[in-house]
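Right, one structure below, let's go through it.
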Amino acid sequence: MRIGILLGERPGTDALRLLADDLRRTADEGFTSAWLSHIFGVDALTALAVAGSRVPGIELGTAVVPTYPRHPGALAQQARTTALAVGPDRLTLGIGLSHQVVIENMYGYGFERPARHMREYLMVLDPLLERRPVSFTGETLSGNLELGIPDEGRIPVLLAALGTQMLRLAGRRADGTVLWMTGPATIRDHIAPTIGAAAAEAGRPPARIVCSLPVLVTDDVEGARTRAAETFATYGMLPSYRAMMDREGAAGPADLAIIGSEDEVAARIRDVFDAGATEFVASVFAGGAEARRTRELLAGLIG
């Protein structure tokens, strides 16, 4: 099993040093990958460039960088610079639309026809990540440029694709999808068949399906469920995640959180892989002894 850790942000001016410490621990424990969200804290790519340059080896990923506020040329430039900082074949660029409430109310951009936006975004982004010039004029954006950043190889791109249109786009044009708040039944019945068919039709390799969920090994299951419900409550109100919960038959985020004993957590993670996920990324949502038990169990599953 390929299992990674979703790194947590730390407050204060030591945030980047502490992130590097967390990344070093994650690498030392043998995890396959480490991922960083991009919300309203540190810039994920910049932070991974700093931390990843100090900790060799482990795969790094963004989960995910919103596209609307960044021209694809600027994002390609930043991603290739990050890849240059951390070394070849380490960075996976996860990108996504974000959410209408964020893009319209916070950033002030329109959110019309988001699938068209992402399709045109990739028309500019992909060539630049592959060290090729681009000349494209679309309805929502254009790009006519070439980057001169020296780096090795291509940077894989994953879309935060949940709906059918985005999954088909991810299968045809990207390396796969990175999921959040999406359970095994939905992966088996919706995610894997939709993206898999699109990749096959396009003659592309099988798509990566990176599933990320809250995880905790604990003896206090009810207490942990209450904590998960409170910690992740916002995601139950966002339409894209709510749609995945409805498909799964989950009342809210606590129903998707993987909580229980070592054996119970291991069994549920195996269910995720059996459903079609190619990788699992754990969001360990507590500290102390529970976090240590969780990470030890997860590390033991890798292979």
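As shown in the structure tokens, the chain order sets the letters A, B, ...; within each chain, residues go from 1, and ligands are also counted from 1 in the order they appear.
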
Next item on the list: Please identify which residues in segment 107-285 of chain A DSSP calls helix (DSSP H, G or I) from the backbone, and express them as a ChimeraX atom specification.
Entry: /A:114-129,164-173,184-201,221-231,233-237,239-248,253-256,262-275

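On the backbone of this structure, DSSP gives strand (DSSP E) within segment 52-150 of chain A to Glu59, Leu60, Gly61, Thr62, Val65, Pro66, Leu91, Thr92, Leu93, Gly94, Ile95, Gly96, Val134, Ser135, Phe136, Thr137, Ser142, Gly143, Asn144 and Leu145 of chain A.
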
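The environment of segment 95-98 of chain A within 9 Å, counting only C-alpha atoms and disregarding residues fewer than 6 places along the same chain, consists of Thr62, Ala63, Val64, Val65, Pro66, Thr67, Tyr68, Phe111, Pro114, Ala115, His117, Met118, Val157, Leu158, Leu159, Ala160, Ala161 and Val178 of chain A.
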
Do a neighbour search on segment 279-283 of chain A at 10 Å with only C-alpha atoms, toss out local chain neighbours closer than 3 positions, and write the hits as a short mmCIF file (atom, residue, chain, number, x, y, z; two decimals) with all heavy atoms, in the first residue's frame.
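Contents of out.cif, as written:
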data_model
loop_
_atom_site.label_atom_id
_atom_site.label_comp_id
_atom_site.auth_asym_id
_atom_site.auth_seq_id
_atom_site.Cartn_x
_atom_site.Cartn_y
_atom_site.Cartn_z
N MET A 1 0.84 -1.20 0.00
CA MET A 1 0.00 0.00 0.00
C MET A 1 0.87 1.25 0.00
O MET A 1 1.85 1.32 0.74
CB MET A 1 -0.87 0.02 1.25
CG MET A 1 -1.88 -1.09 1.36
SD MET A 1 -2.97 -0.84 2.79
CE MET A 1 -3.73 -2.46 2.89
N ARG A 2 0.50 2.21 -0.83
CA ARG A 2 1.16 3.51 -0.82
C ARG A 2 0.36 4.43 0.11
O ARG A 2 -0.80 4.74 -0.17
CB ARG A 2 1.21 4.11 -2.24
CG ARG A 2 2.18 3.39 -3.16
CD ARG A 2 2.14 3.98 -4.57
NE ARG A 2 2.35 5.41 -4.59
CZ ARG A 2 3.55 6.01 -4.53
NH1 ARG A 2 4.65 5.29 -4.47
NH2 ARG A 2 3.65 7.33 -4.55
N ILE A 3 0.98 4.81 1.22
CA ILE A 3 0.30 5.60 2.25
C ILE A 3 1.11 6.83 2.57
O ILE A 3 2.33 6.75 2.81
CB ILE A 3 0.05 4.76 3.52
CG1 ILE A 3 -0.89 3.60 3.19
CG2 ILE A 3 -0.53 5.62 4.64
CD1 ILE A 3 -1.18 2.68 4.36
N GLY A 4 0.44 7.98 2.56
CA GLY A 4 1.09 9.25 2.88
C GLY A 4 0.40 9.93 4.04
O GLY A 4 -0.61 9.47 4.57
N ILE A 5 0.96 11.06 4.43
CA ILE A 5 0.45 11.86 5.53
C ILE A 5 0.11 13.26 5.02
O ILE A 5 0.89 13.86 4.26
CB ILE A 5 1.50 11.98 6.66
CG1 ILE A 5 1.71 10.62 7.33
CG2 ILE A 5 1.09 13.03 7.69
CD1 ILE A 5 0.55 10.11 8.15
N LEU A 6 -1.06 13.76 5.42
CA LEU A 6 -1.41 15.15 5.16
C LEU A 6 -0.80 16.00 6.26
O LEU A 6 -1.18 15.87 7.43
CB LEU A 6 -2.93 15.32 5.13
CG LEU A 6 -3.46 16.69 4.72
CD1 LEU A 6 -3.09 17.02 3.27
CD2 LEU A 6 -4.97 16.75 4.89
N LEU A 7 0.18 16.81 5.90
CA LEU A 7 0.89 17.62 6.88
C LEU A 7 -0.01 18.72 7.41
O LEU A 7 -0.79 19.31 6.67
CB LEU A 7 2.14 18.24 6.25
CG LEU A 7 3.19 17.25 5.72
CD1 LEU A 7 4.25 18.00 4.92
CD2 LEU A 7 3.83 16.46 6.85
N GLY A 8 0.13 19.03 8.69
CA GLY A 8 -0.63 20.11 9.28
C GLY A 8 0.17 21.40 9.31
O GLY A 8 1.39 21.38 9.43
N PHE A 31 6.86 6.72 5.41
CA PHE A 31 5.68 7.00 4.61
C PHE A 31 6.07 7.29 3.16
O PHE A 31 7.15 7.82 2.88
CB PHE A 31 4.89 8.17 5.20
CG PHE A 31 4.14 7.78 6.45
CD1 PHE A 31 4.65 8.10 7.71
CD2 PHE A 31 2.95 7.08 6.37
CE1 PHE A 31 3.98 7.72 8.86
CE2 PHE A 31 2.27 6.71 7.51
CZ PHE A 31 2.78 7.02 8.77
N THR A 32 5.17 6.94 2.25
CA THR A 32 5.44 7.09 0.82
C THR A 32 5.47 8.55 0.39
O THR A 32 6.25 8.93 -0.49
CB THR A 32 4.36 6.34 0.02
OG1 THR A 32 4.26 5.00 0.49
CG2 THR A 32 4.68 6.35 -1.46
N SER A 33 4.60 9.35 0.99
CA SER A 33 4.43 10.72 0.52
C SER A 33 3.97 11.63 1.65
O SER A 33 3.49 11.16 2.69
CB SER A 33 3.41 10.78 -0.63
OG SER A 33 2.15 10.26 -0.20
N ALA A 34 4.12 12.92 1.43
CA ALA A 34 3.63 13.95 2.34
C ALA A 34 2.95 15.02 1.51
O ALA A 34 3.49 15.46 0.49
CB ALA A 34 4.77 14.54 3.17
N TRP A 35 1.78 15.46 1.97
CA TRP A 35 0.96 16.39 1.21
C TRP A 35 0.63 17.60 2.05
O TRP A 35 0.51 17.51 3.28
CB TRP A 35 -0.34 15.71 0.76
CG TRP A 35 -0.08 14.51 -0.10
CD1 TRP A 35 0.41 13.29 0.31
CD2 TRP A 35 -0.27 14.41 -1.52
NE1 TRP A 35 0.54 12.45 -0.77
CE2 TRP A 35 0.12 13.10 -1.89
CE3 TRP A 35 -0.75 15.28 -2.48
CZ2 TRP A 35 0.06 12.65 -3.21
CZ3 TRP A 35 -0.82 14.83 -3.80
CH2 TRP A 35 -0.42 13.54 -4.16
N VAL A 178 -7.12 13.66 -6.86
CA VAL A 178 -6.86 13.63 -5.42
C VAL A 178 -8.17 13.99 -4.73
O VAL A 178 -8.78 15.01 -5.02
CB VAL A 178 -5.70 14.58 -5.03
CG1 VAL A 178 -5.94 16.00 -5.48
CG2 VAL A 178 -5.43 14.52 -3.53
N LEU A 179 -8.62 13.11 -3.84
CA LEU A 179 -9.95 13.18 -3.25
C LEU A 179 -9.90 13.64 -1.80
O LEU A 179 -8.90 13.49 -1.12
CB LEU A 179 -10.62 11.80 -3.29
CG LEU A 179 -10.63 11.06 -4.62
CD1 LEU A 179 -11.16 9.64 -4.42
CD2 LEU A 179 -11.46 11.81 -5.64
N TRP A 180 -11.03 14.15 -1.35
CA TRP A 180 -11.22 14.49 0.06
C TRP A 180 -12.70 14.26 0.38
O TRP A 180 -13.56 14.57 -0.44
CB TRP A 180 -10.81 15.93 0.32
CG TRP A 180 -11.04 16.45 1.72
CD1 TRP A 180 -11.86 17.48 2.08
CD2 TRP A 180 -10.44 15.99 2.93
NE1 TRP A 180 -11.81 17.69 3.42
CE2 TRP A 180 -10.94 16.79 3.99
CE3 TRP A 180 -9.53 14.98 3.24
CZ2 TRP A 180 -10.58 16.60 5.32
CZ3 TRP A 180 -9.15 14.79 4.57
CH2 TRP A 180 -9.66 15.59 5.58
N ARG A 208 -4.10 7.72 -11.38
CA ARG A 208 -3.90 7.67 -9.94
C ARG A 208 -5.18 8.15 -9.24
O ARG A 208 -5.80 9.12 -9.66
CB ARG A 208 -2.74 8.59 -9.53
CG ARG A 208 -1.38 8.10 -9.97
CD ARG A 208 -0.29 9.14 -9.72
NE ARG A 208 -0.09 9.43 -8.30
CZ ARG A 208 0.79 10.32 -7.84
NH1 ARG A 208 1.52 11.03 -8.70
NH2 ARG A 208 0.93 10.53 -6.55
N ILE A 209 -5.55 7.46 -8.19
CA ILE A 209 -6.69 7.86 -7.36
C ILE A 209 -6.18 7.97 -5.94
O ILE A 209 -5.96 6.96 -5.26
CB ILE A 209 -7.85 6.85 -7.46
CG1 ILE A 209 -8.34 6.74 -8.91
CG2 ILE A 209 -8.98 7.25 -6.53
CD1 ILE A 209 -9.40 5.66 -9.11
N VAL A 210 -5.93 9.19 -5.51
CA VAL A 210 -5.36 9.45 -4.19
C VAL A 210 -6.51 9.82 -3.25
O VAL A 210 -7.14 10.86 -3.40
CB VAL A 210 -4.32 10.59 -4.25
CG1 VAL A 210 -3.72 10.83 -2.86
CG2 VAL A 210 -3.23 10.26 -5.26
N CYS A 211 -6.78 8.94 -2.31
CA CYS A 211 -7.88 9.15 -1.36
C CYS A 211 -7.32 9.68 -0.05
O CYS A 211 -6.42 9.09 0.54
CB CYS A 211 -8.61 7.83 -1.11
SG CYS A 211 -9.88 7.92 0.18
N SER A 212 -7.87 10.79 0.42
CA SER A 212 -7.46 11.36 1.70
C SER A 212 -8.66 11.47 2.61
O SER A 212 -9.71 11.99 2.21
CB SER A 212 -6.83 12.75 1.49
OG SER A 212 -6.35 13.27 2.71
N LEU A 213 -8.51 10.97 3.84
CA LEU A 213 -9.59 11.00 4.82
C LEU A 213 -9.02 11.22 6.22
O LEU A 213 -7.85 10.91 6.48
CB LEU A 213 -10.36 9.67 4.81
CG LEU A 213 -11.27 9.40 3.61
CD1 LEU A 213 -11.73 7.94 3.64
CD2 LEU A 213 -12.45 10.35 3.59
N PRO A 214 -9.84 11.74 7.14
CA PRO A 214 -9.41 11.82 8.54
C PRO A 214 -9.25 10.41 9.12
O PRO A 214 -10.08 9.53 8.85
CB PRO A 214 -10.56 12.57 9.22
CG PRO A 214 -11.32 13.22 8.12
CD PRO A 214 -11.16 12.33 6.92
N VAL A 215 -8.22 10.21 9.93
CA VAL A 215 -7.92 8.89 10.51
C VAL A 215 -7.49 9.06 11.96
O VAL A 215 -6.73 9.98 12.28
CB VAL A 215 -6.79 8.18 9.73
CG1 VAL A 215 -6.55 6.78 10.29
CG2 VAL A 215 -7.11 8.09 8.25
N LEU A 216 -7.95 8.14 12.80
CA LEU A 216 -7.48 8.13 14.19
C LEU A 216 -7.66 6.75 14.80
O LEU A 216 -8.75 6.18 14.76
CB LEU A 216 -8.24 9.16 15.03
CG LEU A 216 -7.58 9.48 16.38
CD1 LEU A 216 -6.23 10.17 16.17
CD2 LEU A 216 -8.49 10.33 17.25
N ALA A 257 -14.81 9.66 8.49
CA ALA A 257 -13.56 9.53 9.24
C ALA A 257 -13.33 8.08 9.62
O ALA A 257 -14.26 7.36 10.01
CB ALA A 257 -13.61 10.41 10.48
N ILE A 258 -12.09 7.63 9.49
CA ILE A 258 -11.72 6.25 9.80
C ILE A 258 -11.22 6.22 11.24
O ILE A 258 -10.11 6.67 11.55
CB ILE A 258 -10.65 5.75 8.81
CG1 ILE A 258 -11.22 5.76 7.39
CG2 ILE A 258 -10.17 4.37 9.19
CD1 ILE A 258 -10.23 5.35 6.32
N ILE A 269 -9.06 0.98 5.82
CA ILE A 269 -8.11 1.47 4.82
C ILE A 269 -7.96 0.45 3.69
O ILE A 269 -7.88 0.81 2.50
CB ILE A 269 -6.76 1.81 5.47
CG1 ILE A 269 -6.92 3.05 6.36
CG2 ILE A 269 -5.67 2.04 4.42
CD1 ILE A 269 -5.71 3.40 7.17
N ARG A 270 -7.95 -0.82 4.04
CA ARG A 270 -7.92 -1.85 2.98
C ARG A 270 -9.16 -1.76 2.09
O ARG A 270 -9.08 -1.99 0.88
CB ARG A 270 -7.80 -3.24 3.61
CG ARG A 270 -6.44 -3.51 4.26
CD ARG A 270 -6.27 -4.96 4.67
NE ARG A 270 -4.99 -5.17 5.32
CZ ARG A 270 -4.82 -5.21 6.64
NH1 ARG A 270 -5.87 -5.07 7.46
NH2 ARG A 270 -3.62 -5.38 7.16
N VAL A 272 -10.62 0.93 1.24
CA VAL A 272 -10.37 2.04 0.32
C VAL A 272 -9.55 1.57 -0.88
O VAL A 272 -9.85 1.88 -2.04
CB VAL A 272 -9.67 3.20 1.05
CG1 VAL A 272 -9.16 4.26 0.07
CG2 VAL A 272 -10.61 3.84 2.08
N PHE A 273 -8.51 0.78 -0.61
CA PHE A 273 -7.70 0.26 -1.72
C PHE A 273 -8.48 -0.75 -2.55
O PHE A 273 -8.40 -0.74 -3.78
CB PHE A 273 -6.42 -0.37 -1.18
CG PHE A 273 -5.36 0.63 -0.81
CD1 PHE A 273 -5.20 1.08 0.50
CD2 PHE A 273 -4.52 1.16 -1.77
CE1 PHE A 273 -4.23 1.99 0.84
CE2 PHE A 273 -3.54 2.09 -1.46
CZ PHE A 273 -3.39 2.52 -0.14
N GLY A 276 -10.55 0.75 -5.26
CA GLY A 276 -9.91 1.29 -6.46
C GLY A 276 -8.92 2.40 -6.23
O GLY A 276 -8.30 2.88 -7.18
N ALA A 286 -5.60 14.24 15.67
CA ALA A 286 -5.36 14.40 17.11
C ALA A 286 -3.87 14.28 17.35
O ALA A 286 -3.10 13.88 16.46
CB ALA A 286 -6.13 13.36 17.91
N THR A 294 -1.75 5.93 15.69
CA THR A 294 -2.25 6.01 14.32
C THR A 294 -1.11 5.93 13.31
O THR A 294 -1.18 5.17 12.34
CB THR A 294 -3.04 7.31 14.14
OG1 THR A 294 -4.08 7.39 15.11
CG2 THR A 294 -3.64 7.38 12.74
N ARG A 295 -0.08 6.70 13.53
CA ARG A 295 1.04 6.73 12.59
C ARG A 295 1.78 5.39 12.58
O ARG A 295 2.23 4.94 11.52
CB ARG A 295 1.97 7.90 12.91
CG ARG A 295 1.31 9.26 12.67
CD ARG A 295 2.20 10.40 13.15
NE ARG A 295 3.32 10.63 12.27
CZ ARG A 295 3.43 11.64 11.41
NH1 ARG A 295 2.45 12.54 11.30
NH2 ARG A 295 4.49 11.76 10.65
N LEU A 298 -0.38 3.06 10.48
CA LEU A 298 -0.31 3.40 9.07
C LEU A 298 1.03 3.01 8.46
O LEU A 298 1.08 2.44 7.36
CB LEU A 298 -0.54 4.90 8.90
CG LEU A 298 -1.95 5.42 9.23
CD1 LEU A 298 -1.94 6.94 9.30
CD2 LEU A 298 -2.96 4.93 8.22
#

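The two atoms in question, atom CA of Arg24 of chain A and atom CA of Gly57 of chain A, are spaced 9.9 Å apart.
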